[in-house]
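J.: Sharing coords-v3.txt below, compact mmCIF, C-alpha atoms and all ligand atoms:
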# COMPACT_ATOMS: atom_id res chain seq x y z
CA LEU A 1 -84.49 -22.90 -81.42
CA GLN A 2 -82.66 -25.15 -83.75
CA HIS A 3 -79.49 -25.11 -85.71
CA ARG A 4 -79.29 -24.56 -89.44
CA VAL A 5 -77.02 -23.33 -92.19
CA LEU A 6 -77.94 -20.54 -94.59
CA THR A 7 -76.23 -21.38 -97.88
CA ASP A 8 -75.78 -19.68 -101.26
CA ALA A 9 -75.70 -16.32 -99.47
CA LYS A 10 -73.81 -13.20 -100.44
CA VAL A 11 -72.61 -12.26 -96.98
CA LEU A 12 -71.52 -8.84 -95.75
CA PRO A 13 -69.94 -9.82 -92.42
CA LEU A 14 -69.14 -6.22 -91.34
CA ASP A 15 -66.57 -7.66 -88.99
CA GLY A 16 -64.28 -4.65 -89.18
CA ASP A 17 -61.30 -6.86 -89.93
CA PRO A 18 -59.11 -4.71 -92.20
CA GLY A 19 -57.48 -7.85 -93.60
CA GLY A 20 -60.81 -9.67 -93.92
CA ARG A 21 -63.15 -9.71 -96.88
CA SER A 22 -65.89 -7.17 -97.20
CA VAL A 23 -68.09 -9.54 -99.21
CA ILE A 24 -68.26 -13.33 -99.12
CA GLU A 25 -69.68 -14.49 -102.44
CA ARG A 26 -71.33 -17.95 -102.21
CA GLY A 27 -71.07 -17.75 -98.44
CA ALA A 28 -72.69 -19.70 -95.63
CA VAL A 29 -73.82 -18.69 -92.17
CA ALA A 30 -74.38 -21.37 -89.54
CA ILE A 31 -76.79 -20.52 -86.75
CA ASP A 32 -76.90 -22.44 -83.48
CA GLY A 33 -79.82 -21.40 -81.29
CA ALA A 34 -79.66 -17.63 -80.95
CA SER A 35 -76.05 -17.24 -82.07
CA ILE A 36 -73.88 -17.39 -85.13
CA ALA A 37 -71.82 -20.56 -85.04
CA TRP A 38 -69.78 -20.08 -88.20
CA VAL A 39 -69.46 -17.84 -91.27
CA GLY A 40 -67.33 -18.15 -94.39
CA PRO A 41 -67.28 -19.34 -98.00
CA ALA A 42 -69.69 -22.28 -98.39
CA ASP A 43 -66.85 -24.40 -99.77
CA ASP A 44 -65.04 -24.12 -96.44
CA LEU A 45 -68.01 -25.23 -94.32
CA PRO A 46 -66.64 -27.52 -91.61
CA ASP A 47 -67.72 -31.18 -91.94
CA GLU A 48 -69.59 -31.27 -88.65
CA LEU A 49 -71.87 -28.45 -89.91
CA SER A 50 -72.62 -30.11 -93.24
CA THR A 51 -75.21 -32.33 -91.58
CA TRP A 52 -77.19 -29.37 -90.21
CA PRO A 53 -80.40 -28.50 -92.09
CA ALA A 54 -79.52 -26.15 -94.95
CA GLU A 55 -81.62 -23.32 -96.40
CA SER A 56 -80.61 -21.72 -99.67
CA MET A 57 -80.67 -17.93 -99.79
CA ASP A 58 -80.68 -18.12 -103.62
CA GLY A 59 -77.74 -15.74 -103.85
CA ARG A 60 -79.42 -13.02 -101.75
CA LEU A 61 -77.48 -10.47 -99.74
CA VAL A 62 -77.21 -11.32 -96.02
CA THR A 63 -76.22 -8.57 -93.60
CA PRO A 64 -76.49 -8.07 -89.86
CA ALA A 65 -79.99 -6.81 -89.00
CA LEU A 66 -79.86 -3.01 -89.07
CA ILE A 67 -79.41 -0.96 -85.90
CA ASP A 68 -80.82 2.54 -85.54
CA CYS A 69 -78.76 4.03 -82.70
CA HIS A 70 -80.45 7.45 -82.38
CA THR A 71 -84.21 8.02 -82.38
CA HIS A 72 -86.84 10.03 -80.53
CA LEU A 73 -89.53 7.58 -81.65
CA VAL A 74 -91.94 8.17 -78.74
CA TYR A 75 -93.69 11.53 -78.79
CA GLY A 76 -97.13 13.15 -78.86
CA GLY A 77 -98.57 15.22 -81.71
CA ASN A 78 -96.53 16.38 -84.67
CA ARG A 79 -94.86 19.58 -85.88
CA ALA A 80 -96.18 19.90 -89.44
CA GLN A 81 -97.09 23.48 -88.65
CA GLU A 82 -93.43 24.31 -87.91
CA PHE A 83 -92.53 22.66 -91.19
CA GLU A 84 -94.72 25.29 -92.84
CA GLN A 85 -93.12 28.06 -90.75
CA ARG A 86 -89.68 26.93 -91.87
CA LEU A 87 -90.82 26.83 -95.49
CA GLN A 88 -91.74 30.49 -95.03
CA GLY A 89 -88.26 31.29 -93.78
CA ALA A 90 -88.29 30.80 -89.99
CA THR A 91 -85.28 28.91 -88.61
CA TYR A 92 -85.28 25.99 -86.16
CA GLU A 93 -83.68 28.24 -83.51
CA GLN A 94 -86.17 31.08 -84.06
CA ILE A 95 -89.07 28.67 -83.62
CA ALA A 96 -87.48 27.22 -80.48
CA ASN A 97 -86.78 30.67 -79.02
CA ALA A 98 -90.41 31.65 -79.64
CA GLY A 99 -91.61 28.80 -77.43
CA GLY A 100 -92.16 26.23 -80.20
CA GLY A 101 -89.80 23.47 -81.22
CA ILE A 102 -89.05 20.77 -78.69
CA VAL A 103 -91.23 22.49 -76.08
CA SER A 104 -94.33 22.20 -78.26
CA THR A 105 -93.80 18.43 -78.49
CA VAL A 106 -93.28 18.39 -74.72
CA LEU A 107 -96.74 19.86 -74.18
CA GLU A 108 -98.32 17.28 -76.52
CA THR A 109 -96.38 14.42 -74.95
CA ARG A 110 -97.42 15.42 -71.44
CA ARG A 111 -101.05 15.51 -72.59
CA ALA A 112 -100.87 12.06 -74.20
CA THR A 113 -101.75 8.92 -72.27
CA LYS A 114 -99.37 5.98 -72.21
CA ASP A 115 -101.68 4.12 -74.60
CA GLU A 116 -101.79 7.01 -77.04
CA LEU A 117 -98.00 7.22 -77.05
CA LEU A 118 -97.74 3.46 -77.53
CA LYS A 119 -100.09 3.52 -80.48
CA SER A 120 -98.40 6.34 -82.39
CA ALA A 121 -94.90 5.04 -81.67
CA ASP A 122 -95.90 1.52 -82.66
CA ALA A 123 -96.86 2.66 -86.15
CA ARG A 124 -93.48 4.33 -86.56
CA LEU A 125 -91.64 1.35 -85.12
CA ASP A 126 -93.38 -0.90 -87.60
CA ALA A 127 -91.92 1.15 -90.47
CA PHE A 128 -88.40 0.50 -89.13
CA VAL A 129 -89.05 -3.18 -88.53
CA ARG A 130 -90.26 -3.63 -92.11
CA GLU A 131 -86.89 -2.31 -93.32
CA GLY A 132 -84.82 -4.85 -91.43
CA VAL A 133 -84.09 -2.95 -88.22
CA GLY A 134 -83.48 -5.41 -85.36
CA THR A 135 -82.31 -3.02 -82.64
CA ILE A 136 -83.46 0.54 -82.11
CA GLU A 137 -82.58 3.17 -79.55
CA ILE A 138 -85.39 5.34 -78.17
CA LYS A 139 -84.83 8.48 -76.12
CA SER A 140 -87.01 10.22 -73.57
CA GLY A 141 -86.79 14.01 -73.52
CA TYR A 142 -90.30 15.18 -74.40
CA GLY A 143 -91.64 14.74 -70.86
CA LEU A 144 -89.30 16.92 -68.81
CA THR A 145 -91.10 16.17 -65.55
CA GLN A 146 -90.19 13.07 -63.59
CA GLU A 147 -93.57 11.49 -64.25
CA ASP A 148 -93.60 12.24 -67.97
CA GLU A 149 -90.00 11.13 -68.54
CA LEU A 150 -90.84 7.84 -66.82
CA LYS A 151 -93.97 7.54 -68.94
CA MET A 152 -91.93 7.83 -72.14
CA LEU A 153 -89.34 5.30 -70.97
CA ARG A 154 -92.03 2.80 -69.97
CA VAL A 155 -93.59 3.14 -73.40
CA ALA A 156 -90.19 2.49 -74.99
CA ARG A 157 -89.64 -0.61 -72.85
CA GLU A 158 -93.11 -1.89 -73.68
CA LEU A 159 -92.54 -1.42 -77.41
CA GLY A 160 -89.46 -3.61 -77.09
CA ALA A 161 -91.24 -6.25 -75.03
CA ARG A 162 -93.99 -6.78 -77.57
CA SER A 163 -92.16 -6.63 -80.90
CA ASP A 164 -89.45 -8.44 -82.80
CA VAL A 165 -86.99 -5.68 -82.18
CA ASP A 166 -84.74 -4.87 -79.25
CA VAL A 167 -85.28 -1.43 -77.78
CA VAL A 168 -82.41 0.33 -76.03
CA THR A 169 -83.57 3.28 -73.90
CA THR A 170 -81.79 6.56 -73.37
CA PHE A 171 -82.67 9.13 -70.73
CA LEU A 172 -82.69 12.60 -72.34
CA GLY A 173 -84.03 14.77 -69.52
CA ALA A 174 -81.52 17.45 -70.57
CA HIS A 175 -83.19 17.97 -73.96
CA ALA A 176 -84.79 21.39 -73.47
CA VAL A 177 -85.72 23.73 -70.65
CA PRO A 178 -89.46 23.26 -70.05
CA PRO A 179 -91.67 26.39 -69.95
CA GLU A 180 -92.14 26.27 -66.17
CA TYR A 181 -88.35 26.64 -65.81
CA ALA A 182 -87.84 29.19 -68.60
CA GLY A 183 -84.65 31.14 -67.94
CA ARG A 184 -83.67 28.79 -65.09
CA PRO A 185 -81.88 25.86 -66.74
CA GLU A 186 -79.75 25.16 -63.64
CA SER A 187 -82.79 24.81 -61.42
CA TYR A 188 -84.38 22.48 -63.96
CA VAL A 189 -81.27 20.30 -64.05
CA ASP A 190 -80.97 20.14 -60.27
CA GLU A 191 -84.63 19.93 -59.31
CA VAL A 192 -86.10 17.78 -62.08
CA CYS A 193 -83.65 16.25 -64.50
CA ILE A 194 -81.28 14.66 -62.01
CA SER A 195 -83.95 13.28 -59.71
CA ALA A 196 -85.92 11.92 -62.67
CA LEU A 197 -82.74 10.21 -63.86
CA ARG A 198 -82.16 8.63 -60.46
CA GLN A 199 -85.74 7.39 -60.27
CA ALA A 200 -85.78 6.07 -63.85
CA ALA A 201 -82.48 4.29 -63.30
CA SER A 202 -83.70 2.72 -60.06
CA GLU A 203 -86.66 1.28 -62.02
CA GLY A 204 -84.35 -0.20 -64.64
CA LEU A 205 -85.70 2.06 -67.35
CA VAL A 206 -82.40 3.56 -68.52
CA ASP A 207 -79.63 2.07 -70.63
CA ALA A 208 -77.74 5.31 -71.31
CA VAL A 209 -77.88 9.06 -70.63
CA ASP A 210 -77.95 11.76 -73.32
CA GLY A 211 -78.17 15.56 -73.42
CA PHE A 212 -78.58 18.39 -75.91
CA CYS A 213 -75.61 20.73 -75.62
CA GLU A 214 -76.57 23.79 -77.64
CA SER A 215 -77.41 27.47 -77.15
CA ILE A 216 -81.15 26.64 -77.35
CA ALA A 217 -80.73 23.89 -74.74
CA PHE A 218 -77.97 23.31 -72.14
CA ASP A 219 -74.35 24.42 -71.85
CA ALA A 220 -71.40 22.15 -71.15
CA ALA A 221 -71.39 22.83 -67.40
CA GLN A 222 -75.06 21.89 -67.08
CA ILE A 223 -74.64 18.72 -69.13
CA SER A 224 -71.61 17.86 -67.08
CA ARG A 225 -73.73 17.82 -63.87
CA VAL A 226 -76.09 15.31 -65.45
CA PHE A 227 -73.22 13.17 -66.75
CA THR A 228 -71.59 13.12 -63.31
CA VAL A 229 -74.76 11.51 -61.94
CA ALA A 230 -74.80 9.05 -64.87
CA VAL A 231 -71.27 7.98 -63.97
CA GLU A 232 -72.29 7.55 -60.36
CA LEU A 233 -75.18 5.33 -61.52
CA ASP A 234 -72.80 3.39 -63.74
CA LEU A 235 -74.64 4.39 -66.91
CA PRO A 236 -72.85 5.22 -70.17
CA VAL A 237 -73.39 8.64 -71.73
CA LYS A 238 -73.80 10.07 -75.23
CA LEU A 239 -74.44 13.61 -76.41
CA HIS A 240 -76.16 15.70 -79.09
CA ALA A 241 -73.03 17.64 -79.96
CA GLY A 242 -72.18 20.20 -82.63
CA GLN A 243 -75.54 20.22 -84.44
CA LEU A 244 -75.90 24.00 -84.76
CA SER A 245 -72.68 25.35 -83.23
CA ASP A 246 -69.47 24.29 -81.47
CA MET A 247 -69.98 24.66 -77.73
CA GLY A 248 -67.19 22.27 -76.76
CA ALA A 249 -69.76 19.49 -76.55
CA VAL A 250 -67.64 16.95 -78.39
CA GLU A 251 -64.71 17.46 -76.02
CA LEU A 252 -67.07 17.20 -73.05
CA ALA A 253 -68.59 13.95 -74.33
CA SER A 254 -65.16 12.46 -75.01
CA SER A 255 -63.90 13.41 -71.57
CA PHE A 256 -66.72 11.26 -70.16
CA LYS A 257 -65.75 8.46 -72.56
CA ALA A 258 -69.15 8.81 -74.19
CA LEU A 259 -70.40 5.93 -76.31
CA SER A 260 -71.18 8.47 -79.02
CA ALA A 261 -71.27 12.12 -79.98
CA ASP A 262 -74.13 12.75 -82.39
CA HIS A 263 -74.75 15.25 -85.24
CA LEU A 264 -71.17 16.70 -85.52
CA GLU A 265 -71.77 19.38 -88.13
CA TYR A 266 -69.54 21.54 -85.92
CA VAL A 267 -66.52 19.72 -84.56
CA SER A 268 -62.88 20.80 -84.29
CA GLU A 269 -59.86 18.66 -85.08
CA ALA A 270 -59.09 18.53 -81.37
CA GLY A 271 -62.63 17.31 -80.75
CA ALA A 272 -62.31 14.60 -83.37
CA ALA A 273 -58.97 13.50 -81.93
CA ALA A 274 -60.52 13.30 -78.47
CA MET A 275 -63.34 11.14 -79.83
CA ALA A 276 -60.95 8.74 -81.52
CA GLN A 277 -58.82 8.48 -78.41
CA ASN A 278 -61.78 7.70 -76.16
CA GLY A 279 -63.54 5.33 -78.54
CA THR A 280 -66.49 7.71 -78.91
CA VAL A 281 -68.44 6.84 -82.07
CA GLY A 282 -69.51 9.72 -84.33
CA VAL A 283 -73.21 9.35 -85.14
CA LEU A 284 -74.21 11.21 -88.31
CA LEU A 285 -77.84 12.27 -88.69
CA PRO A 286 -78.39 13.36 -92.28
CA GLY A 287 -82.20 13.43 -91.85
CA ALA A 288 -81.86 16.43 -89.51
CA PHE A 289 -79.34 18.13 -91.80
CA TYR A 290 -81.74 17.65 -94.71
CA THR A 291 -84.91 18.68 -92.88
CA LEU A 292 -83.39 21.86 -91.45
CA ARG A 293 -81.73 22.59 -94.80
CA GLU A 294 -78.38 23.02 -93.06
CA THR A 295 -75.45 24.02 -95.23
CA GLN A 296 -72.47 22.91 -93.13
CA ALA A 297 -72.10 19.14 -93.42
CA PRO A 298 -70.07 17.18 -90.84
CA PRO A 299 -66.37 17.25 -91.79
CA VAL A 300 -66.32 13.63 -92.84
CA ASP A 301 -62.78 13.64 -94.27
CA MET A 302 -61.43 15.14 -91.08
CA LEU A 303 -63.34 12.66 -88.91
CA ARG A 304 -62.04 9.79 -91.04
CA SER A 305 -58.43 10.91 -90.82
CA ALA A 306 -58.77 11.38 -87.06
CA GLY A 307 -59.84 7.72 -86.89
CA VAL A 308 -63.37 8.34 -85.61
CA GLU A 309 -65.72 5.39 -86.18
CA LEU A 310 -68.88 6.62 -87.87
CA ALA A 311 -72.48 5.48 -87.43
CA VAL A 312 -75.60 6.64 -89.27
CA ALA A 313 -79.03 6.96 -87.66
CA SER A 314 -82.51 8.25 -88.53
CA ASP A 315 -82.87 10.70 -85.61
CA CYS A 316 -86.61 10.01 -86.06
CA ASN A 317 -88.31 12.92 -84.26
CA PRO A 318 -91.20 15.29 -84.93
CA GLY A 319 -89.10 18.44 -85.33
CA SER A 320 -85.79 18.08 -87.08
CA SER A 321 -86.10 14.63 -88.67
CA PRO A 322 -89.64 13.38 -89.24
CA ILE A 323 -88.28 10.30 -90.95
CA THR A 324 -89.24 6.72 -90.20
CA SER A 325 -86.74 5.15 -92.57
CA LEU A 326 -83.20 4.16 -91.75
CA LEU A 327 -82.68 3.21 -95.39
CA LEU A 328 -83.49 6.80 -96.36
CA ALA A 329 -80.97 8.09 -93.81
CA MET A 330 -78.44 5.68 -95.36
CA ASN A 331 -79.14 7.10 -98.79
CA MET A 332 -78.75 10.65 -97.45
CA ALA A 333 -75.49 9.79 -95.69
CA CYS A 334 -74.05 8.95 -99.11
CA THR A 335 -75.63 11.77 -101.10
CA LEU A 336 -75.39 14.61 -98.57
CA PHE A 337 -72.33 13.62 -96.50
CA GLY A 338 -70.23 11.64 -98.98
CA LEU A 339 -69.97 8.40 -97.04
CA THR A 340 -69.33 5.29 -99.10
CA PRO A 341 -72.05 2.62 -99.09
CA MET A 342 -69.73 0.29 -97.13
CA GLU A 343 -69.07 3.01 -94.56
CA VAL A 344 -72.81 3.47 -94.28
CA MET A 345 -73.36 -0.28 -93.83
CA ALA A 346 -70.81 -0.34 -91.00
CA GLY A 347 -72.60 2.75 -89.66
CA VAL A 348 -75.93 0.95 -89.30
CA THR A 349 -74.49 -2.31 -88.02
CA ARG A 350 -71.13 -2.64 -86.27
CA ASN A 351 -70.55 1.01 -85.39
CA ALA A 352 -74.19 1.54 -84.42
CA ALA A 353 -73.86 -1.42 -82.03
CA LYS A 354 -70.77 0.20 -80.54
CA ALA A 355 -72.66 3.49 -80.13
CA LEU A 356 -75.15 1.54 -78.00
CA GLY A 357 -72.53 -0.34 -75.99
CA LEU A 358 -73.51 -3.60 -77.71
CA ALA A 359 -70.43 -4.18 -79.86
CA SER A 360 -69.60 -7.53 -78.31
CA ASP A 361 -73.13 -8.84 -78.82
CA ARG A 362 -74.35 -7.76 -82.27
CA GLY A 363 -73.71 -5.69 -85.36
CA SER A 364 -71.54 -8.11 -87.30
CA ILE A 365 -71.80 -11.62 -88.68
CA THR A 366 -69.05 -13.31 -86.73
CA THR A 367 -68.90 -16.43 -84.59
CA GLY A 368 -70.55 -15.94 -81.21
CA MET A 369 -72.60 -12.88 -82.17
CA ARG A 370 -76.36 -12.85 -81.86
CA ALA A 371 -77.98 -14.20 -85.00
CA ASP A 372 -79.82 -11.00 -86.02
CA LEU A 373 -79.76 -11.05 -89.80
CA ALA A 374 -81.43 -9.23 -92.66
CA ILE A 375 -81.79 -10.99 -96.00
CA TRP A 376 -82.28 -8.68 -98.96
CA ASP A 377 -83.49 -8.78 -102.54
CA ALA A 378 -80.47 -6.68 -103.39
CA GLY A 379 -76.98 -7.45 -104.54
CA SER A 380 -74.75 -5.04 -102.65
CA ALA A 381 -74.41 -2.36 -100.00
CA SER A 382 -74.59 0.17 -102.84
CA GLU A 383 -77.96 -1.11 -103.91
CA LEU A 384 -79.32 -0.81 -100.35
CA CYS A 385 -78.14 2.82 -100.20
CA TYR A 386 -79.12 3.75 -103.72
CA TYR A 387 -82.87 3.17 -103.75
CA ALA A 388 -85.23 5.23 -101.68
CA GLY A 389 -88.62 3.67 -101.12
CA ILE A 390 -88.52 0.16 -102.50
CA ASP A 391 -89.10 -2.76 -100.14
CA MET A 392 -85.94 -4.86 -100.44
CA LEU A 393 -86.19 -6.91 -97.24
CA ALA A 394 -86.84 -10.56 -98.08
CA ARG A 395 -86.51 -12.07 -94.61
CA LYS A 396 -85.38 -11.24 -91.14
CA ILE A 397 -83.86 -13.50 -88.53
CA TYR A 398 -83.97 -12.21 -84.99
CA GLY A 399 -82.12 -14.00 -82.20
CA GLY A 400 -81.85 -17.05 -84.45
CA SER A 401 -85.58 -17.25 -85.26
CA ASP A 402 -87.48 -16.16 -88.34
CA ALA A 403 -89.21 -12.88 -87.61
O1 LIG B 501 -81.67 15.24 -82.60
N1 LIG B 501 -81.38 18.15 -81.33
C1 LIG B 501 -82.11 17.76 -80.42
N2 LIG B 501 -82.97 16.78 -80.57
C2 LIG B 501 -83.52 16.40 -81.79
C3 LIG B 501 -84.56 17.34 -82.22
C4 LIG B 501 -85.73 17.22 -81.38
C5 LIG B 501 -86.88 18.06 -81.81
O2 LIG B 501 -86.75 19.06 -82.55
O3 LIG B 501 -87.98 17.71 -81.37
C6 LIG B 501 -82.44 16.16 -82.82
O4 LIG B 501 -82.36 16.82 -83.87
FE FE B 502 -81.66 13.65 -81.68
Output the structure of this file as structure tokens.
T.:
Amino acid sequence: LQHRVLTDAKVLPLDGDPGGRSVIERGAVAIDGASIAWVGPADDLPDELSTWPAESMDGRLVTPALIDCHTHLVYGGNRAQEFEQRLQGATYEQIANAGGGIVSTVLETRRATKDELLKSADARLDAFVREGVGTIEIKSGYGLTQEDELKMLRVARELGARSDVDVVTTFLGAHAVPPEYAGRPESYVDEVCISALRQAASEGLVDAVDGFCESIAFDAAQISRVFTVAVELDLPVKLHAGQLSDMGAVELASSFKALSADHLEYVSEAGAAAMAQNGTVGVLLPGAFYTLRETQAPPVDMLRSAGVELAVASDCNPGSSPITSLLLAMNMACTLFGLTPMEVMAGVTRNAAKALGLASDRGSITTGMRADLAIWDAGSASELCYYAGIDMLARKIYGGSDA
């Protein structure tokens, strides 16, 4: 690893400094080894850095590499058939209550070998990498036995080990009640979910703990039992909260100082205030809103005035968001939820890093941060959010190296 200076760059530092600039025209970014050594207008480059090798970006946009902070990238099979059922009028809940939905992916994931899961997830991961994603979160939650949850987490770790992307793993044993425990969610939590979590954590397979708090999944008391074990294991929590109804999930997540509460179509003002107070990031998932043709969007104005920091993620999964594009989710966050392109950019960089507990390490172009950068054939955040489908990534730098 060497040192170098990227010059003639249009830099979006995403540093969150309210008094700072949102765009540095004719900027420079100095990289020393794996970290950012300096950023600012090229004219202000300190003398001692002017002798470092320089590479012109030819006026291109330079942003932090993108971070997708909510995916279910590893799974077996697909749910195209449920897509057809929904087109004929069935709802997501009706399909779930009839034994389909998450449970049908669970059966396929249990059947799949580790190699099969690796292969299908790798193809999806590649789509994210080609769009400038440098860090991606991957959840378990389609195994729902100790062995199958561990299998998913090992696949996620292996994907990270062999690609130019960092994988952050999340244990989601409380995703659905598996068929063998139908009608006995408490027994599932106590007999399977919690012991699988302990085992996975002891093998270093877990970076955070998630749950699905919803009428078709687990209630607040059940999630709370899982979170109590997470706290004991010193693992941060996050929660699928308020996707289809308000079950008090946001308040529960905040009371555990969750890194994030995700979905948020249904959230009260008290819930939003609790999030802001506890530093819980609101992760918006417009791909799921779009796919399920929901009509109640997250109350973005209310979340903003409460001071909740917002992230945007793909929620890549076979049921509610079969989308392997963070750029598409960014587009949808503007069009469907009314976020501004700069809010969206913060949502896939700085705030996404915070939602993964990585805020001090990545997600902005500031001195000392990891040099994970995306260099775009685009002129602005708006342009990145506006197109859907075009390949705008010119180059990617990952941990200071060209990737
Ligand atoms: O984030 N809501 C729970 N989990 C996923 C859906 C998973 C599935 O349908 O397979 C979500 O939307
Ligand atoms: Fe999800």
J.: With distances taken over all atoms listed in the file, which of A:Gly183, A:Pro236, A:Gly141, A:Gly173 is nearest to Leu356 of chain A?
T.: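 Of the candidates, the smallest distance to Leu356 of chain A is held by A:Pro236.
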J.: To check your reading of the model: which residues sit at most 9 Å from ligand LIG 501 (chain B) when counting all atoms listed in the file? Write the answer as a PyMOL selection string.
T.: chain A and resi 70-72+75+79+92+96+101-106+141-142+175-176+211-214+217+240-241+243-244+262-263+285+287-289+315-321
J.: Go ahead and save the residues from that selection, with C-alpha atoms, as an mmCIF file, in the frame of the given file.
T.:
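That gives us selection.cif:
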data_model
loop_
_atom_site.group_PDB
_atom_site.id
_atom_site.type_symbol
_atom_site.label_atom_id
_atom_site.label_comp_id
_atom_site.auth_asym_id
_atom_site.auth_seq_id
_atom_site.Cartn_x
_atom_site.Cartn_y
_atom_site.Cartn_z
ATOM 1 C CA HIS A 70 -80.450 7.450 -82.380
ATOM 2 C CA THR A 71 -84.210 8.020 -82.380
ATOM 3 C CA HIS A 72 -86.840 10.030 -80.530
ATOM 4 C CA TYR A 75 -93.690 11.530 -78.790
ATOM 5 C CA ARG A 79 -94.860 19.580 -85.880
ATOM 6 C CA TYR A 92 -85.280 25.990 -86.160
ATOM 7 C CA ALA A 96 -87.480 27.220 -80.480
ATOM 8 C CA GLY A 101 -89.800 23.470 -81.220
ATOM 9 C CA ILE A 102 -89.050 20.770 -78.690
ATOM 10 C CA VAL A 103 -91.230 22.490 -76.080
ATOM 11 C CA SER A 104 -94.330 22.200 -78.260
ATOM 12 C CA THR A 105 -93.800 18.430 -78.490
ATOM 13 C CA VAL A 106 -93.280 18.390 -74.720
ATOM 14 C CA GLY A 141 -86.790 14.010 -73.520
ATOM 15 C CA TYR A 142 -90.300 15.180 -74.400
ATOM 16 C CA HIS A 175 -83.190 17.970 -73.960
ATOM 17 C CA ALA A 176 -84.790 21.390 -73.470
ATOM 18 C CA GLY A 211 -78.170 15.560 -73.420
ATOM 19 C CA PHE A 212 -78.580 18.390 -75.910
ATOM 20 C CA CYS A 213 -75.610 20.730 -75.620
ATOM 21 C CA GLU A 214 -76.570 23.790 -77.640
ATOM 22 C CA ALA A 217 -80.730 23.890 -74.740
ATOM 23 C CA HIS A 240 -76.160 15.700 -79.090
ATOM 24 C CA ALA A 241 -73.030 17.640 -79.960
ATOM 25 C CA GLN A 243 -75.540 20.220 -84.440
ATOM 26 C CA LEU A 244 -75.900 24.000 -84.760
ATOM 27 C CA ASP A 262 -74.130 12.750 -82.390
ATOM 28 C CA HIS A 263 -74.750 15.250 -85.240
ATOM 29 C CA LEU A 285 -77.840 12.270 -88.690
ATOM 30 C CA GLY A 287 -82.200 13.430 -91.850
ATOM 31 C CA ALA A 288 -81.860 16.430 -89.510
ATOM 32 C CA PHE A 289 -79.340 18.130 -91.800
ATOM 33 C CA ASP A 315 -82.870 10.700 -85.610
ATOM 34 C CA CYS A 316 -86.610 10.010 -86.060
ATOM 35 C CA ASN A 317 -88.310 12.920 -84.260
ATOM 36 C CA PRO A 318 -91.200 15.290 -84.930
ATOM 37 C CA GLY A 319 -89.100 18.440 -85.330
ATOM 38 C CA SER A 320 -85.790 18.080 -87.080
ATOM 39 C CA SER A 321 -86.100 14.630 -88.670
#
J.: Go through A:Asp68, A:Asp43, A:Asp207, A:Asp372 and flag the residue nearest ligand FE 502 (chain B), using all atoms listed in the file for the distances.
T.: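 Under the stated criterion, the closest residue is A:Asp68.
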J.: Please provide as a PyMOL selection string all residues within 8 Å of Val348 of chain A, with the sequence filter that same-chain residues fewer than 2 positions apart are discarded (counting only C-alpha atoms).
T.: chain A and resi 66-69+311-313+344-346+350-353
J.: How many Å separate atom CA of Lys354 of chain A from atom CA of Gly368 of chain A?
T.: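 Between atom CA of Lys354 of chain A and atom CA of Gly368 of chain A the gap works out to 16.2 Å.
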J.: Show me the residues around (-75.6, -22.4, -77.1) - criterion: an atom at most 12 Å away, only C-alpha atoms counted - as a PDB file with C-alpha atoms, in the coordinates of the input.
T.:
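Okay, this is what ended up in out24.pdb:
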ATOM      1  CA  LEU A   1     -84.490 -22.900 -81.420  1.00  0.00           C
ATOM      2  CA  GLN A   2     -82.660 -25.150 -83.750  1.00  0.00           C
ATOM      3  CA  HIS A   3     -79.490 -25.110 -85.710  1.00  0.00           C
ATOM      4  CA  ILE A  31     -76.790 -20.520 -86.750  1.00  0.00           C
ATOM      5  CA  ASP A  32     -76.900 -22.440 -83.480  1.00  0.00           C
ATOM      6  CA  GLY A  33     -79.820 -21.400 -81.290  1.00  0.00           C
ATOM      7  CA  ALA A  34     -79.660 -17.630 -80.950  1.00  0.00           C
ATOM      8  CA  SER A  35     -76.050 -17.240 -82.070  1.00  0.00           C
ATOM      9  CA  ILE A  36     -73.880 -17.390 -85.130  1.00  0.00           C
ATOM     10  CA  ALA A  37     -71.820 -20.560 -85.040  1.00  0.00           C
ATOM     11  CA  THR A 367     -68.900 -16.430 -84.590  1.00  0.00           C
ATOM     12  CA  GLY A 368     -70.550 -15.940 -81.210  1.00  0.00           C
ATOM     13  CA  MET A 369     -72.600 -12.880 -82.170  1.00  0.00           C
ATOM     14  CA  ARG A 370     -76.360 -12.850 -81.860  1.00  0.00           C
ATOM     15  CA  ALA A 371     -77.980 -14.200 -85.000  1.00  0.00           C
ATOM     16  CA  GLY A 399     -82.120 -14.000 -82.200  1.00  0.00           C
ATOM     17  CA  GLY A 400     -81.850 -17.050 -84.450  1.00  0.00           C
TER      18      GLY A 400
END
J.: Between A:Gly242, A:Pro185, A:Pro298, A:Gly134, which residue has the minimum interatomic distance to Leu326 of chain A, considering all atoms listed in the file?
T.: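 For Leu326 of chain A, the nearest of the candidates is A:Gly134.
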J.: Residues within 9 Å of Gly76 of chain A, please, as an NGL selection string. Count all atoms listed in the file; anything in the same chain fewer than 5 positions from it doesn't count.
T.: :A and (105-112 or 116-117 or 120-121 or 142 or 318)
J.: So how many Å separate atom CA of Val226 of chain A and atom CA of Thr280 of chain A, to one decimal?
T.: 18.2 Å
J.: Kindly give the distance, in Å, that separates atom CA of Glu149 of chain A and atom CA of Thr91 of chain A, rounded to a single decimal.
T.: 27.2 Å
J.: Nearest residue to Gly357 of chain A out of A:Thr335, A:Gln277, A:Ser260, A:Ser325, using all atoms listed in the file?
T.: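 Result for the nearest residue to Gly357 of chain A: A:Ser260.
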J.: Using all atoms listed in the file, pick whichever of A:Thr324, A:Asn78, A:Thr291, A:Ser314 has the shortest atom-to-atom distance to ligand FE 502 (chain B).
T.: A:Ser314
